[in-house]
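S.K.: Structure file work19.cif (mmCIF, C-alpha atoms) right here:
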```
data_protein
loop_
_atom_site.label_atom_id
_atom_site.label_comp_id
_atom_site.auth_asym_id
_atom_site.auth_seq_id
_atom_site.Cartn_x
_atom_site.Cartn_y
_atom_site.Cartn_z
CA MET A 1 -8.13 20.67 -5.57
CA LEU A 2 -10.43 23.66 -5.64
CA ASP A 3 -11.19 25.76 -2.59
CA ILE A 4 -14.63 24.67 -1.34
CA GLN A 5 -15.54 28.33 -0.87
CA ARG A 6 -14.93 28.91 -4.57
CA ILE A 7 -17.38 26.12 -5.38
CA ARG A 8 -19.96 27.56 -2.97
CA ASP A 9 -19.63 31.03 -4.48
CA ASN A 10 -19.40 30.01 -8.16
CA PRO A 11 -21.06 26.62 -8.65
CA ASP A 12 -22.08 27.39 -12.23
CA GLN A 13 -18.53 28.39 -13.18
CA VAL A 14 -17.11 25.18 -11.73
CA ARG A 15 -19.86 23.08 -13.29
CA THR A 16 -19.20 24.60 -16.73
CA ALA A 17 -15.42 24.25 -16.37
CA ALA A 18 -15.73 20.57 -15.49
CA ALA A 19 -18.06 19.92 -18.42
CA ASN A 20 -15.71 21.76 -20.81
CA LYS A 21 -12.83 19.60 -19.58
CA LYS A 22 -14.99 16.51 -20.20
CA ASN A 23 -15.16 15.59 -16.52
CA SER A 24 -18.44 14.26 -15.21
CA VAL A 25 -18.79 15.51 -11.64
CA ASP A 26 -21.90 16.24 -9.59
CA ILE A 27 -21.49 19.82 -8.36
CA ASP A 28 -25.03 19.81 -6.94
CA ALA A 29 -24.03 16.86 -4.74
CA VAL A 30 -21.01 18.84 -3.53
CA ILE A 31 -23.22 21.76 -2.52
CA THR A 32 -25.68 19.45 -0.75
CA LEU A 33 -23.01 17.45 1.09
CA ASP A 34 -21.09 20.57 2.07
CA SER A 35 -24.27 22.17 3.41
CA ARG A 36 -25.12 19.05 5.40
CA ARG A 37 -21.57 18.83 6.76
CA ARG A 38 -21.74 22.42 8.02
CA ASP A 39 -25.19 21.81 9.54
CA ILE A 40 -23.83 18.79 11.39
CA ILE A 41 -20.85 20.76 12.71
CA ARG A 42 -23.15 23.50 13.99
CA GLU A 43 -25.51 21.01 15.60
CA VAL A 44 -22.67 19.10 17.27
CA GLU A 45 -21.16 22.31 18.62
CA SER A 46 -24.55 23.31 20.01
CA LEU A 47 -25.07 19.90 21.65
CA LYS A 48 -21.57 19.90 23.13
CA ASN A 49 -22.13 23.38 24.57
CA LEU A 50 -25.41 22.14 26.07
CA ARG A 51 -23.68 19.06 27.48
CA ASN A 52 -20.93 21.18 29.05
CA THR A 53 -23.50 23.44 30.68
CA LYS A 54 -25.62 20.55 31.95
CA THR A 55 -22.57 18.66 33.18
CA GLN A 56 -21.79 21.59 35.44
CA GLU A 57 -25.41 21.60 36.61
CA ILE A 58 -25.25 17.86 37.33
CA ALA A 59 -22.09 18.38 39.38
CA ARG A 60 -23.83 21.13 41.36
CA LEU A 61 -26.89 18.95 42.03
CA LYS A 62 -24.71 16.09 43.23
CA LYS A 63 -22.76 18.43 45.44
CA GLU A 64 -26.05 19.62 46.96
CA LYS A 65 -27.15 15.97 47.41
CA LYS A 66 -30.02 16.49 44.95
CA ASP A 67 -31.37 14.06 42.36
CA ALA A 68 -29.66 14.48 38.95
CA THR A 69 -31.04 11.32 37.33
CA VAL A 70 -33.22 13.12 34.77
CA LEU A 71 -30.39 15.37 33.63
CA ILE A 72 -27.96 12.45 33.49
CA ASP A 73 -30.39 10.51 31.24
CA GLU A 74 -30.86 13.56 29.03
CA MET A 75 -27.10 14.01 28.68
CA LYS A 76 -26.70 10.35 27.79
CA GLN A 77 -29.15 10.93 24.95
CA VAL A 78 -27.19 14.03 23.94
CA SER A 79 -23.93 12.03 23.93
CA ASP A 80 -25.53 9.33 21.80
CA LYS A 81 -26.79 12.00 19.41
CA VAL A 82 -23.31 13.55 19.18
CA LYS A 83 -21.83 10.14 18.43
CA ASP A 84 -24.40 9.54 15.67
CA LEU A 85 -23.74 12.97 14.20
CA ASP A 86 -19.95 12.41 14.34
CA ASN A 87 -20.42 9.21 12.35
CA GLU A 88 -22.68 10.98 9.87
CA GLN A 89 -20.14 13.80 9.54
CA LYS A 90 -17.38 11.31 8.77
CA GLU A 91 -19.52 9.58 6.11
CA THR A 92 -20.56 12.93 4.64
CA GLU A 93 -16.97 14.17 4.45
CA GLU A 94 -15.84 10.93 2.78
CA LYS A 95 -18.55 11.31 0.13
CA LEU A 96 -17.66 14.99 -0.29
CA ASP A 97 -13.92 14.32 -0.59
CA TYR A 98 -14.56 11.59 -3.15
CA ILE A 99 -16.16 14.13 -5.46
CA LEU A 100 -13.88 17.07 -4.62
CA VAL A 101 -10.68 15.28 -5.69
CA ARG A 102 -12.31 14.49 -9.04
CA ILE A 103 -13.24 18.09 -9.89
CA PRO A 104 -10.76 19.52 -12.42
CA ASN A 105 -9.12 22.91 -12.15
CA VAL A 106 -10.99 25.90 -13.56
CA PRO A 107 -9.34 27.34 -16.70
CA HIS A 108 -7.96 30.86 -16.53
CA SER A 109 -10.06 33.57 -18.19
CA SER A 110 -7.51 33.85 -21.04
CA VAL A 111 -7.98 30.20 -22.06
CA PRO A 112 -10.04 29.78 -25.25
CA HIS A 113 -13.10 27.54 -25.28
CA GLY A 114 -13.03 24.47 -27.49
CA THR A 115 -13.83 20.80 -27.62
CA SER A 116 -10.61 19.29 -29.00
CA ALA A 117 -7.04 19.95 -30.17
CA GLU A 118 -8.53 21.43 -33.33
CA ASP A 119 -9.60 24.43 -31.25
CA ASN A 120 -6.15 25.21 -29.84
CA VAL A 121 -4.78 28.61 -30.83
CA VAL A 122 -1.40 29.13 -32.49
CA VAL A 123 0.15 32.08 -30.65
CA SER A 124 3.60 32.12 -32.28
CA GLU A 125 5.87 30.34 -34.74
CA TRP A 126 9.65 30.33 -35.10
CA GLY A 127 12.06 29.13 -37.76
CA THR A 128 11.69 28.00 -41.33
CA GLU A 129 10.81 24.62 -42.74
CA PRO A 130 13.92 22.83 -44.03
CA VAL A 131 14.13 22.38 -47.80
CA PHE A 132 15.72 19.26 -49.28
CA ASN A 133 16.92 18.61 -52.84
CA PHE A 134 16.21 14.91 -52.24
CA LYS A 135 13.34 12.87 -50.80
CA PRO A 136 13.78 13.04 -46.99
CA LYS A 137 13.67 9.83 -44.99
CA ASP A 138 11.85 9.43 -41.71
CA HIS A 139 13.56 8.78 -38.37
CA ILE A 140 12.89 5.03 -38.56
CA GLU A 141 14.64 4.63 -41.92
CA LEU A 142 17.56 6.82 -40.89
CA GLY A 143 17.89 5.33 -37.40
CA THR A 144 17.86 1.79 -38.76
CA ALA A 145 20.27 2.50 -41.61
CA LEU A 146 22.74 4.20 -39.26
CA ASP A 147 22.25 1.50 -36.60
CA ILE A 148 21.49 4.07 -33.90
CA ILE A 149 17.91 3.02 -33.04
CA ASP A 150 16.80 -0.59 -32.64
CA PHE A 151 13.05 -1.09 -32.37
CA PRO A 152 12.94 -4.91 -32.84
CA ARG A 153 15.42 -5.65 -30.06
CA GLY A 154 13.68 -3.23 -27.71
CA ALA A 155 10.41 -5.06 -28.40
CA LYS A 156 12.17 -8.40 -27.78
CA ILE A 157 13.49 -7.22 -24.41
CA THR A 158 10.34 -5.53 -23.12
CA GLY A 159 7.63 -5.05 -25.74
CA ALA A 160 6.45 -2.50 -28.29
CA GLY A 161 7.13 1.09 -27.33
CA PHE A 162 10.49 0.45 -25.65
CA PRO A 163 13.15 1.17 -28.33
CA VAL A 164 16.89 0.77 -27.82
CA LEU A 165 19.32 3.57 -28.69
CA LYS A 166 22.77 2.46 -29.80
CA GLY A 167 26.21 3.97 -30.29
CA GLN A 168 25.99 7.50 -31.64
CA GLY A 169 22.21 7.45 -31.11
CA ALA A 170 22.71 6.83 -27.40
CA LEU A 171 25.36 9.55 -27.33
CA LEU A 172 22.95 11.99 -29.01
CA GLU A 173 20.30 11.19 -26.40
CA ARG A 174 22.77 11.80 -23.57
CA ALA A 175 23.95 15.01 -25.25
CA LEU A 176 20.39 16.34 -25.36
CA ILE A 177 19.79 15.60 -21.66
CA ASN A 178 23.05 17.26 -20.60
CA PHE A 179 22.45 20.27 -22.86
CA PHE A 180 18.95 20.74 -21.43
CA LEU A 181 20.18 20.51 -17.83
CA ASP A 182 23.16 22.82 -18.38
CA THR A 183 20.99 25.42 -20.10
CA HIS A 184 18.41 25.49 -17.33
CA THR A 185 20.89 25.47 -14.44
CA VAL A 186 23.67 27.71 -15.79
CA LYS A 187 21.69 30.07 -18.02
CA ASN A 188 18.15 30.04 -16.60
CA GLY A 189 18.91 29.76 -12.87
CA TYR A 190 17.16 26.50 -11.96
CA THR A 191 18.41 24.25 -9.17
CA GLU A 192 19.02 20.72 -10.43
CA ILE A 193 17.32 17.80 -8.68
CA PHE A 194 17.96 14.11 -9.30
CA PRO A 195 14.73 12.56 -7.99
CA PRO A 196 13.51 8.99 -7.46
CA PHE A 197 11.86 7.45 -10.52
CA LEU A 198 9.29 5.72 -8.31
CA ALA A 199 6.76 7.56 -6.16
CA ASN A 200 3.99 6.62 -3.76
CA ARG A 201 0.27 7.13 -4.12
CA GLU A 202 0.27 10.33 -2.02
CA SER A 203 2.80 11.96 -4.35
CA HIS A 204 0.80 11.14 -7.47
CA PHE A 205 -2.40 12.31 -5.81
CA GLY A 206 -0.73 15.60 -4.92
CA VAL A 207 -0.04 16.63 -8.52
CA GLY A 208 -3.42 15.38 -9.75
CA GLN A 209 -2.27 12.20 -11.52
CA LEU A 210 -4.43 10.18 -9.15
CA PRO A 211 -7.17 9.18 -9.09
CA LYS A 212 -7.77 10.56 -12.62
CA SER A 213 -5.00 8.83 -14.61
CA GLU A 214 -4.26 5.59 -12.77
CA GLU A 215 -4.91 3.44 -15.86
CA GLN A 216 -2.11 5.29 -17.68
CA MET A 217 0.50 4.39 -15.05
CA TYR A 218 2.72 1.43 -14.24
CA TYR A 219 1.96 0.23 -10.70
CA MET A 220 3.91 -2.17 -8.48
CA GLU A 221 1.25 -3.54 -6.17
CA LYS A 222 3.64 -5.34 -3.82
CA ASP A 223 5.50 -2.12 -3.01
CA GLU A 224 2.55 0.26 -3.55
CA LEU A 225 4.70 2.41 -5.83
CA PHE A 226 4.14 3.88 -9.28
CA CYS A 227 6.73 4.48 -11.99
CA ILE A 228 6.66 8.24 -12.50
CA PRO A 229 5.12 9.56 -15.75
CA THR A 230 7.15 12.76 -15.34
CA ALA A 231 9.63 14.30 -12.88
CA GLU A 232 6.87 16.77 -12.04
CA VAL A 233 5.62 14.17 -9.54
CA PRO A 234 8.66 13.85 -7.24
CA VAL A 235 9.92 17.42 -7.71
CA THR A 236 6.60 19.15 -6.91
CA ASN A 237 6.25 16.89 -3.87
CA LEU A 238 9.59 18.09 -2.47
CA HIS A 239 7.70 20.71 -0.45
CA ARG A 240 4.55 18.74 0.40
CA ASP A 241 3.24 19.68 3.87
CA GLU A 242 5.71 22.56 4.13
CA THR A 243 5.27 26.29 4.68
CA LEU A 244 7.84 28.37 2.82
CA THR A 245 8.63 32.04 3.34
CA GLU A 246 7.79 34.62 0.69
CA HIS A 247 11.44 35.63 0.27
CA GLU A 248 12.21 32.01 -0.80
CA LEU A 249 9.89 32.37 -3.78
CA THR A 250 10.09 31.94 -6.69
CA LYS A 251 11.74 28.51 -6.31
CA LYS A 252 12.91 27.01 -9.61
CA TYR A 253 13.90 23.38 -10.01
CA CYS A 254 14.82 21.24 -13.01
CA ALA A 255 15.23 17.50 -13.07
CA TYR A 256 16.06 14.73 -15.51
CA SER A 257 14.11 11.50 -15.26
CA ALA A 258 13.04 8.54 -17.28
CA CYS A 259 9.27 8.72 -17.75
CA PHE A 260 6.90 5.75 -17.94
CA ARG A 261 3.43 5.87 -19.48
CA ARG A 262 1.18 2.98 -20.44
CA GLU A 263 -0.55 5.19 -23.01
CA ALA A 264 -3.76 3.19 -22.53
CA GLY A 265 -6.35 4.12 -25.11
CA SER A 266 -3.76 5.55 -27.51
CA TYR A 267 -4.11 2.83 -30.12
CA GLY A 268 -4.47 4.30 -33.59
CA LYS A 269 -2.76 7.56 -32.56
CA ASP A 270 0.80 8.44 -33.74
CA THR A 271 2.28 5.12 -32.57
CA LYS A 272 4.93 4.86 -35.29
CA GLY A 273 8.55 4.67 -34.15
CA TYR A 274 9.47 7.25 -31.55
CA LEU A 275 6.24 9.24 -31.81
CA ARG A 276 4.54 7.47 -28.89
CA VAL A 277 6.63 5.29 -26.59
CA HIS A 278 6.10 3.88 -23.11
CA GLN A 279 9.49 4.95 -21.75
CA PHE A 280 11.29 8.16 -22.63
CA ASN A 281 13.65 10.73 -21.14
CA LYS A 282 12.68 14.24 -20.14
CA VAL A 283 14.04 17.26 -18.31
CA GLU A 284 11.28 18.92 -16.29
CA MET A 285 11.09 22.47 -14.96
CA VAL A 286 9.06 23.13 -11.79
CA LYS A 287 8.30 26.44 -10.09
CA PHE A 288 6.78 27.43 -6.73
CA THR A 289 5.69 31.05 -6.60
CA THR A 290 3.15 33.55 -5.26
CA PRO A 291 -0.29 34.12 -6.82
CA GLU A 292 0.79 37.62 -7.86
CA LYS A 293 3.75 36.32 -9.88
CA SER A 294 2.47 33.05 -11.28
CA TYR A 295 1.36 34.20 -14.73
CA GLU A 296 4.53 36.22 -15.24
CA GLU A 297 6.48 33.11 -14.23
CA HIS A 298 4.37 31.07 -16.66
CA GLU A 299 5.53 33.20 -19.58
CA THR A 300 9.15 32.91 -18.42
CA LEU A 301 8.79 29.15 -18.13
CA ARG A 302 7.51 28.98 -21.69
CA ASN A 303 10.39 31.18 -22.89
CA ASP A 304 12.91 28.90 -21.17
CA ALA A 305 11.50 25.91 -23.06
CA GLU A 306 11.42 27.84 -26.34
CA GLY A 307 15.06 28.84 -25.86
CA ILE A 308 16.08 25.18 -26.13
CA LEU A 309 14.25 24.79 -29.44
CA ARG A 310 15.77 27.98 -30.84
CA ALA A 311 19.25 26.87 -29.80
CA LEU A 312 18.72 23.56 -31.59
CA GLY A 313 17.61 25.43 -34.71
CA LEU A 314 14.31 23.58 -34.95
CA LYS A 315 11.22 25.07 -36.52
CA TYR A 316 8.46 25.14 -33.91
CA ARG A 317 5.17 26.70 -32.93
CA VAL A 318 3.45 27.53 -29.65
CA LEU A 319 -0.17 26.61 -29.01
CA LEU A 320 -2.46 27.98 -26.31
CA LEU A 321 -4.62 25.01 -25.38
CA CYS A 322 -8.39 25.34 -25.29
CA ASP A 323 -10.24 24.19 -22.19
CA GLY A 324 -11.39 20.98 -23.90
CA ASP A 325 -7.80 19.89 -24.55
CA MET A 326 -6.25 20.86 -21.22
CA SER A 327 -5.13 18.51 -18.47
CA PHE A 328 -7.16 17.85 -15.33
CA SER A 329 -4.95 20.01 -13.09
CA ALA A 330 -3.95 22.91 -15.35
CA ALA A 331 -5.47 26.39 -15.28
CA LYS A 332 -3.58 27.42 -18.43
CA CYS A 333 -1.24 25.53 -20.73
CA TYR A 334 1.00 26.18 -23.71
CA ASP A 335 2.16 23.31 -25.91
CA LEU A 336 5.38 23.62 -27.90
CA GLU A 337 5.52 21.61 -31.11
CA ALA A 338 8.62 20.94 -33.22
CA TRP A 339 8.38 20.38 -36.96
CA ALA A 340 9.34 16.90 -38.25
CA PRO A 341 9.95 17.19 -42.03
CA ALA A 342 9.52 13.54 -42.99
CA GLU A 343 6.42 13.18 -40.82
CA LYS A 344 5.22 16.44 -42.37
CA LYS A 345 3.68 17.56 -39.11
CA TYR A 346 4.36 19.20 -35.77
CA LEU A 347 5.18 17.01 -32.78
CA GLU A 348 4.46 18.02 -29.20
CA VAL A 349 7.75 18.33 -27.30
CA SER A 350 6.72 20.40 -24.28
CA SER A 351 3.73 21.43 -22.20
CA CYS A 352 4.09 24.47 -19.95
CA SER A 353 1.32 24.70 -17.36
CA ASN A 354 0.19 26.96 -14.54
CA PHE A 355 -1.81 25.08 -11.91
CA GLU A 356 -2.42 28.11 -9.67
CA ASP A 357 -3.11 26.72 -6.14
CA PHE A 358 -4.79 23.52 -7.37
CA GLN A 359 -1.85 21.21 -6.68
CA ALA A 360 -0.72 23.13 -3.59
CA ARG A 361 -4.07 22.49 -1.90
CA ARG A 362 -3.75 18.76 -2.56
CA MET A 363 -0.18 18.77 -1.19
CA ASN A 364 -0.65 21.42 1.52
CA ILE A 365 2.19 23.64 0.29
CA LYS A 366 1.94 27.17 1.68
CA TYR A 367 4.07 30.26 2.10
CA ARG A 368 4.16 32.88 4.83
CA PRO A 369 3.68 36.39 3.31
CA ALA A 370 6.28 39.01 4.18
CA SER A 371 3.38 41.22 5.35
CA GLY A 372 2.80 38.89 8.28
CA ASP A 373 -0.60 37.76 7.03
CA LYS A 374 -1.63 34.16 7.61
CA PRO A 375 -0.03 31.53 5.31
CA LYS A 376 -1.38 31.18 1.79
CA PHE A 377 -1.15 28.40 -0.74
CA VAL A 378 1.65 28.74 -3.28
CA HIS A 379 1.07 28.54 -7.03
CA THR A 380 2.84 25.70 -8.84
CA LEU A 381 3.96 25.55 -12.47
CA ASN A 382 5.82 23.05 -14.59
CA GLY A 383 7.03 22.57 -18.13
CA SER A 384 8.99 20.09 -20.20
CA GLY A 385 12.39 21.45 -20.91
CA LEU A 386 12.36 19.20 -22.97
CA ALA A 387 11.27 15.59 -23.67
CA THR A 388 13.92 13.90 -25.81
CA SER A 389 11.97 11.32 -27.83
CA ARG A 390 10.21 13.62 -30.30
CA ILE A 391 13.10 16.10 -30.23
CA LEU A 392 15.24 13.20 -31.43
CA VAL A 393 12.78 12.64 -34.29
CA ALA A 394 12.82 16.34 -35.23
CA ILE A 395 16.64 16.53 -35.16
CA ILE A 396 17.17 13.34 -37.16
CA GLU A 397 14.69 14.38 -39.83
CA THR A 398 15.65 18.07 -39.93
CA TYR A 399 19.41 17.59 -40.07
CA GLN A 400 19.58 14.61 -42.45
CA THR A 401 21.77 14.78 -45.53
CA GLU A 402 21.43 13.27 -48.99
CA ALA A 403 24.23 10.86 -48.04
CA GLY A 404 22.04 9.49 -45.25
CA THR A 405 24.02 11.06 -42.40
CA ILE A 406 22.73 13.40 -39.69
CA ARG A 407 24.38 16.74 -38.98
CA ILE A 408 24.75 17.60 -35.30
CA PRO A 409 23.36 20.99 -34.18
CA ASP A 410 26.22 23.27 -33.15
CA VAL A 411 25.13 23.48 -29.49
CA LEU A 412 25.27 19.68 -29.13
CA GLN A 413 28.70 19.14 -30.66
CA PRO A 414 30.62 19.83 -27.41
CA TYR A 415 28.48 17.15 -25.74
CA MET A 416 29.33 14.67 -28.53
CA HIS A 417 33.11 14.93 -28.29
CA GLY A 418 33.22 17.44 -31.16
CA MET A 419 31.36 15.16 -33.57
CA LYS A 420 29.73 17.12 -36.37
CA GLU A 421 27.85 14.36 -38.17
CA ILE A 422 26.37 10.97 -37.29
CA GLY A 423 27.31 8.33 -39.82
CA ALA A 424 30.11 10.30 -41.47
CA ARG A 425 33.06 8.20 -42.65
#
```
Is it possible to give me this structure as structure tokens?
M.R.:
Amino acid sequence: MLDIQRIRDNPDQVRTAAANKKNSVDIDAVITLDSRRRDIIREVESLKNLRNTKTQEIARLKKEKKDATVLIDEMKQVSDKVKDLDNEQKETEEKLDYILVRIPNVPHSSVPHGTSAEDNVVVSEWGTEPVFNFKPKDHIELGTALDIIDFPRGAKITGAGFPVLKGQGALLERALINFFLDTHTVKNGYTEIFPPFLANRESHFGVGQLPKSEEQMYYMEKDELFCIPTAEVPVTNLHRDETLTEHELTKKYCAYSACFRREAGSYGKDTKGYLRVHQFNKVEMVKFTTPEKSYEEHETLRNDAEGILRALGLKYRVLLLCDGDMSFSAAKCYDLEAWAPAEKKYLEVSSCSNFEDFQARRMNIKYRPASGDKPKFVHTLNGSGLATSRILVAIIETYQTEAGTIRIPDVLQPYMHGMKEIGAR
């Protein structure tokens, strides 16, 4: 959520930012409602001061055995007016809050302007495209032939978009999760969290998933709980309604979770095989820091995610997202994309975002500066470190052999009981 003072001071900036993010919000209504709310508060305070003064006068008149009827009637009218204004204030604030929670974050000044993913900027590339002396197969052909991925049985159990991993495929998935967690905790200094995979409405509101993205989420009405679309939701909410101290920051957490996304409206987009599924596994990185450090921490977050891709030996690139392709809550975002040879395209495997104080305001997460100044809102950041589904695609297709086996990246072999190749006889 944006600071209302920022909207008052820069309405055109906020209006433009919302339009560029394709969010239809009435900033003029915000200004009008906010102005009326402040007028009401001033008027109520004035009337209450008057009532306090006149109440003392009424008491004096009664003490002196004088008639206070006129003043009493006047104060009754004042009390009725205060009650009416209190009701109007409540209605005004409800209307104001309804719009405020739907205003997206303002992109950082370094974010390029654009209308779609076509306008994202490639900021770096790493690795070389694998060369094969045979026609490479895609992950569906390889996974089926090696009996490590079963799409039909997953569809039978649940529906399309819920594949089953089997045998060495399941082991590879588990190896990736453990490698990601060990790298971030042992090497990169994150504290591991194992969070709930269900979260309440307040938690999803706090990170900005609600009300914007409710149609994309699985909801259990009886329990009023949502399946989490990412571990960002429970982990960022760890410190909701808390005030940290500056010396505690930067806090760095990582967490594995299953992730659930309905992907409503995604029909016709990369839905083949593992490219777009409704349930997948991901290790998430979350940071809480000060405004002064947040963009430095953003670059470190991105580097931590890139380190995983380099260790796996996968060709990848980093994109700086334009404002038109950024999420509702982000102020700046990098996407990391791994190359899938058989798909002949890059696949998004991580998004690393800085939300500045946007989420913290929704969750009321503050810190107490060492200087002794009044508490300030923290800055929050998160990044995938990484999601396994498309990484699995990139590994299977990159490390395939002419014999139809899949070589295991060196860093994963200790997690696969020393296995060097899937499907080797």
S.K.: When you draw a straight line from CA of Glu214 in chain A to CA of Arg262 in chain A, how long is it in Å?
M.R.: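 Rounded to one decimal, the two atoms are 9.8 Å apart.
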S.K.: Taking the file above as input, evaluate the PyMOL selection byres ((chain A and resi 283) around 7) and report the hits as a PyMOL selection string.
M.R.: chain A and resi 177+180-181+254-257+282+284-285+384-387
S.K.: Dig up all the protein and nucleic acid residues within 12 Å of (12.6, 30.3, 5.2) in the file frame, using only C-alpha atoms, and format them as an mmCIF file with C-alpha atoms, in the coordinates of the input.
M.R.:
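Once written, part.cif looks like this:
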```cif
data_model
loop_
_atom_site.group_PDB
_atom_site.id
_atom_site.type_symbol
_atom_site.label_atom_id
_atom_site.label_comp_id
_atom_site.auth_asym_id
_atom_site.auth_seq_id
_atom_site.Cartn_x
_atom_site.Cartn_y
_atom_site.Cartn_z
ATOM 1 C CA GLU A 242 5.710 22.560 4.130
ATOM 2 C CA THR A 243 5.270 26.290 4.680
ATOM 3 C CA LEU A 244 7.840 28.370 2.820
ATOM 4 C CA THR A 245 8.630 32.040 3.340
ATOM 5 C CA GLU A 246 7.790 34.620 0.690
ATOM 6 C CA HIS A 247 11.440 35.630 0.270
ATOM 7 C CA GLU A 248 12.210 32.010 -0.800
ATOM 8 C CA LEU A 249 9.890 32.370 -3.780
ATOM 9 C CA LYS A 251 11.740 28.510 -6.310
ATOM 10 C CA LYS A 366 1.940 27.170 1.680
ATOM 11 C CA TYR A 367 4.070 30.260 2.100
ATOM 12 C CA ARG A 368 4.160 32.880 4.830
ATOM 13 C CA PRO A 369 3.680 36.390 3.310
ATOM 14 C CA ALA A 370 6.280 39.010 4.180
#
```
S.K.: Give me, please, the distance in Å between CA of Thr144 in chain A and CA of Pro229 in chain A, quoted to one decimal.
M.R.: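 The value is 27.4 Å.
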S.K.: With distances taken over all atoms listed in the file, which residue among A:Glu125, A:Tyr98, A:Ala338, A:Thr250 lies nearest Val25 in chain A?
M.R.: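 Nearest candidate to Val25 in chain A out of A:Glu125, A:Tyr98, A:Ala338, A:Thr250: A:Tyr98.
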S.K.: Please write the residues picked by the PyMOL selection byres ((chain A and resi 51-59) around 8) on this file as a list in words.
M.R.: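 Evaluating the PyMOL selection byres ((chain A and resi 51-59) around 8) on this file yields Leu47, Lys48, Asn49, Leu50, Arg60, Leu61, Lys62, Lys63, Ala68, Leu71, Ile72, Met75, Val78 and Ser79 of chain A.
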S.K.: In Å to one decimal, how far is CA of Leu320 in chain A from CA of Val121 in chain A?
M.R.: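 Distance between the two atoms: 5.1 Å.
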S.K.: Excluding Asp119 in chain A and its own-chain neighbours fewer than 3 positions away, which residues fall within 10 Å of it when counting all atoms listed in the file? Please give them as a PyMOL selection string.
M.R.: chain A and resi 112-116+122+319-325
S.K.: For the residues selected in the previous step, produce a file with C-alpha atoms as a PDB file, in the coordinates of the input.
M.R.:
```pdb
ATOM      1  CA  PRO A 112     -10.040  29.780 -25.250  1.00  0.00           C
ATOM      2  CA  HIS A 113     -13.100  27.540 -25.280  1.00  0.00           C
ATOM      3  CA  GLY A 114     -13.030  24.470 -27.490  1.00  0.00           C
ATOM      4  CA  THR A 115     -13.830  20.800 -27.620  1.00  0.00           C
ATOM      5  CA  SER A 116     -10.610  19.290 -29.000  1.00  0.00           C
ATOM      6  CA  VAL A 122      -1.400  29.130 -32.490  1.00  0.00           C
ATOM      7  CA  LEU A 319      -0.170  26.610 -29.010  1.00  0.00           C
ATOM      8  CA  LEU A 320      -2.460  27.980 -26.310  1.00  0.00           C
ATOM      9  CA  LEU A 321      -4.620  25.010 -25.380  1.00  0.00           C
ATOM     10  CA  CYS A 322      -8.390  25.340 -25.290  1.00  0.00           C
ATOM     11  CA  ASP A 323     -10.240  24.190 -22.190  1.00  0.00           C
ATOM     12  CA  GLY A 324     -11.390  20.980 -23.900  1.00  0.00           C
ATOM     13  CA  ASP A 325      -7.800  19.890 -24.550  1.00  0.00           C
TER      14      ASP A 325
END
```
S.K.: Please determine, counting only C-alpha atoms, which residue among A:Gly206, A:Gly423, A:Gly313, A:Gly383 has the shortest atom-to-atom distance to Ala360 in chain A.
M.R.: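 Using only C-alpha atoms, Ala360 in chain A sits closest to A:Gly206.
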S.K.: Name the residues, using the chain letters and numbers of the file, that sit within 8 Å of (-4.4, 24.6, -22.1) when counting all atoms listed in the file, and give them as a PyMOL selection string.
M.R.: chain A and resi 107+111+120+320-323+325-327+330-335+353
S.K.: Can you give me, as an mmCIF file with C-alpha atoms, in the frame of the given file, the residues this file yields under the PyMOL selection byres ((chain A and resi 202) around 12)?
M.R.:
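The new file result_38.cif reads:
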```cif
data_model
loop_
_atom_site.group_PDB
_atom_site.id
_atom_site.type_symbol
_atom_site.label_atom_id
_atom_site.label_comp_id
_atom_site.auth_asym_id
_atom_site.auth_seq_id
_atom_site.Cartn_x
_atom_site.Cartn_y
_atom_site.Cartn_z
ATOM 1 C CA LEU A 198 9.290 5.720 -8.310
ATOM 2 C CA ALA A 199 6.760 7.560 -6.160
ATOM 3 C CA ASN A 200 3.990 6.620 -3.760
ATOM 4 C CA ARG A 201 0.270 7.130 -4.120
ATOM 5 C CA SER A 203 2.800 11.960 -4.350
ATOM 6 C CA HIS A 204 0.800 11.140 -7.470
ATOM 7 C CA PHE A 205 -2.400 12.310 -5.810
ATOM 8 C CA GLY A 206 -0.730 15.600 -4.920
ATOM 9 C CA VAL A 207 -0.040 16.630 -8.520
ATOM 10 C CA GLY A 208 -3.420 15.380 -9.750
ATOM 11 C CA GLN A 209 -2.270 12.200 -11.520
ATOM 12 C CA LEU A 210 -4.430 10.180 -9.150
ATOM 13 C CA PRO A 211 -7.170 9.180 -9.090
ATOM 14 C CA GLU A 224 2.550 0.260 -3.550
ATOM 15 C CA LEU A 225 4.700 2.410 -5.830
ATOM 16 C CA PHE A 226 4.140 3.880 -9.280
ATOM 17 C CA VAL A 233 5.620 14.170 -9.540
ATOM 18 C CA PRO A 234 8.660 13.850 -7.240
ATOM 19 C CA THR A 236 6.600 19.150 -6.910
ATOM 20 C CA ASN A 237 6.250 16.890 -3.870
ATOM 21 C CA ARG A 240 4.550 18.740 0.400
ATOM 22 C CA ASP A 241 3.240 19.680 3.870
ATOM 23 C CA ARG A 362 -3.750 18.760 -2.560
ATOM 24 C CA MET A 363 -0.180 18.770 -1.190
ATOM 25 C CA ASN A 364 -0.650 21.420 1.520
#
```
S.K.: So, counting all atoms listed in the file, which residue among A:Thr230, A:Gln77, A:Ser329, A:Ser371 is closest to Asn281 in chain A?
M.R.: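 Ranking A:Thr230, A:Gln77, A:Ser329, A:Ser371 by distance to Asn281 in chain A, first place goes to A:Thr230.
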S.K.: For Pro130 in chain A, list every protein, DNA or RNA residue within 9 Å, evaluated using all atoms listed in the file, and leave out those in the same chain fewer than 6 positions away; present the list as a list of chain:residue names.
M.R.: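 Within the cut-off, the hits are A:Lys315, A:Pro341, A:Thr398, A:Tyr399.
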